[in-house]
Amino acid sequence: MGMLATGTKTILQIETEDFCIYVSGKTENEKFKAINSNLNMSSYVSVKSDVYIPSVKTIDDDDYLVENNTNSMRPSFFEDGTYNIYLENKSDKIFDIYHNDKEIRQSMVLYGKNIIGNIKFNGDIGYCEFKIKNKNVEVMNFIIEVFPSKLDYIKDYKEMLREVNEEITSLVFDFLGKTFKSVDFKETKNQSNVEFLAILRSIYTKLERAINRIQKHPKHGVFNNYYLKDKDKCKRISTKETIKHLRKNPSSTKAIEVKKVTTLDIYENQYIKYMIKNIIKRIRELKRSIYKKYQIQEDYYRLLDNFEGRLTSYLNTFFRDISDLNNNKSMTLVFKMASGYKEIYFYYTLLQKGLDVYEGLYNITPKKLWNLYEIWCYIKLHNILREIGYNSYTQSIIQATSNGITLSLMQNKESKGIYQNKEGKKIELWYNKCYSNLPTTNQKPDTVLCLRDNSRKDRIYIFDAKYRLHIDDNNIIGPMEEDINVMHRYRDSIVSEMEDSMQFRYNTFGAYVMFPYSDEEKFKEHKFYKSIEKVNIGAFPMLPGSTSLIRKHLCNILNLSYIEAKNTNPIFDESEDYYKFKNENVMIVNVKDIDHLQSYKNNKFYHIPVSTLSNVRIGIEYLAFYQPKKSFGNESGIHYYAKIKKYYKYKRKQCTELSCNKSKEDLDYYRFETEEWQKIGPIAPVEYGTRNVSYTTLYLLNKADTMHELKLKSRVEIDTYKILKEVSKIKNVSLIKQDSKFKIGNDFVQVTDKNNIILNGQKLSLDNLKSALLESNIAQER
């Protein structure tokens, strides 16, 4: 026992007269203890042998080994734990420890007669069996139960399994409503109902043809019937049976007649009947599922109903007098060689693959727990999107391929689902999306939500499932810090090259870790949740029943416009001029005086004469309120803005919030209903205020210090303006914006649509602008 790792104790001890087995490791799991679940549970343990009467000891709550004659023990083995196993050989026999997992088998090392090995479960949970063999003959086996350390075994784990299977069931029947492709068969251990139906449709004609062939040329058996008759009336006497009869009845004058009888009630025909009945049973189950979702009018329901009726007719005719099969289901040469029989057996084998996993459309339980969590997170996001009004019309999980129908999500390959809401807004949900041809290295996040806004650029949000958690010194539970760092890497790495430029654009607006934790209220105070609002990188707890935070966030980002999302993202695309400088979705309007300002703010509206605003521009989303110097003095400029909820035309007299002269009562006004007014700036007037109405972009509104900056058209113009302000201060000359030009003293500077800089009609570079202005002799002194 001296070779065991330090800090460990013996958890399980099994002793026989020939050997003793010790399994040791840490007796407690910090994460298991911290999540405060799996309370009052016991763990399963079993030791069986036909050769020995083993003595079993397990660890108790006080960390002592005690005799245990039951099948339960304290939970001591965990998915992320490392354990030692030691077999002490007390005899001259040679023993071996066998486990199904290759990694565990290869860790077993023989030291003389003894064996020592290392056990890592690597995310596997549930029952784990070890076999002790002597010369390849099993002499004992023992089973332990492995617990998850990051989620509740009963509540979370089983609920995740249920939700995954339930969601796949729903997706399968959604798939039924779409056009099926022709598919070939493929070898697989896990088939869904949709595969069963696809195979049944493909082979049904051949199946029925094989049944008809059997009806026309059935296999039959011959058996002897024996009758006691007068010997002179017997046509064929059975000598053997007659001798038996006479031994018992010496004075009898009768003999035993034998007649050969042909029968169809043989094992092979009984097995064919059994197959047909099982197929009918599966069809009925499938019909019930379809009826529950689509009602009887569904096309696939009618198809299955037709199949059921036709197969049932065979049971009521040819197979009516065939006996039911007993428990024997052995294979015979008839099913390999006889025409009709071999075909039915082959088709039934294909369908039987689906029957074997009927209780779970996809046999998810053998998956590693981290993989199950990853799949569950993706399916949960898919489900949330549907719940908030986005219907899937391109399936990502269930796919028909040339090689058969696959549950593509489960195969660790790239999958994409496309969703659309009632307004026609489309989004994509990717699984295992690979970003290649990046400036640095390829990236492959778990789940990517891609929002498309007409012809605009994509908005990408990354959701990465990490089946890991961290407990700090204050017992605060959160994600691993290194996983958060991966989110930063994703956002910095996933970029796209812009046209006609060597510059790159950041595509990722947010990146989040999903980790197994259930206390959402507590996590709201965690720094990695608060960081989402600050830098759009952080984490969400995700377990069954604990998805409200991520649901709320999904609703928020789906309701944002592109420019709103862009302005809440700390990483700005300095080259995407359209949304920053050209998408003028803000209308700047004059506020008459303080009374009007208070009324507009309190009642969340604004109105303007139609004669002043002949029409409302398409695409206007916000109002910015300019306070003129004449009425507001030092409080002039732009201090408030608001998002427009709706606007309409009405008569001035219909406004109850502000009084008016009788001469204006019948004038037409545009009334804008707004959301709450937001504080901004202030944005100061320069040389002049604004006309009744002008326009800018939300980006400039949020960034501007002066009214000049609201009309900037590009990054080059921003750089130019910075130089002009500097020269204006140095030369002590005025700087005025006049239409598309700047007037600095008597010099005129213009930035063209192609970002060319023109000084007094002459083109020059940005680098030379400052020196050219300082050297200019026509600059007017203030």
# chains A, B, ... in the order shown; residues from 1 in each chain; ligands from 1
call {"tool": "select_by_dssp", "arguments": {"residues": "segment 678-712 of chain A", "states": "alpha helix (DSSP H)", "output": "list in words"}}
result
Leu698, Tyr699, Leu700, Leu701, Asn702 and Lys703 of chain A
call {"tool": "select_by_dssp", "arguments": {"residues": "segment 542-687 of chain A", "states": "strand (DSSP E or B)", "output": "PyMOL selection string"}}
result
chain A and resi 543+546+586-590+605-609+622-627+637-651+668-674+678-684+686
call {"tool": "atom_distance", "arguments": {"atom1": "atom CA of Ile119 of chain A", "atom2": "atom CA of Ser107 of chain A"}}
result
7.7 Å
call {"tool": "closest_residue", "arguments": {"among": "A:Pro682, A:Gly745, A:Gly538, A:Pro218", "to": "Phe318 of chain A", "atoms": "only C-alpha atoms"}}
result
A:Pro218
call {"tool": "atom_distance", "arguments": {"atom1": "atom CA of Tyr64 of chain A", "atom2": "atom CA of Gln13 of chain A"}}
result
11.5 Å
call {"tool": "atom_distance", "arguments": {"atom1": "atom CA of Ser55 of chain A", "atom2": "atom CA of Phe95 of chain A"}}
result
18.0 Å
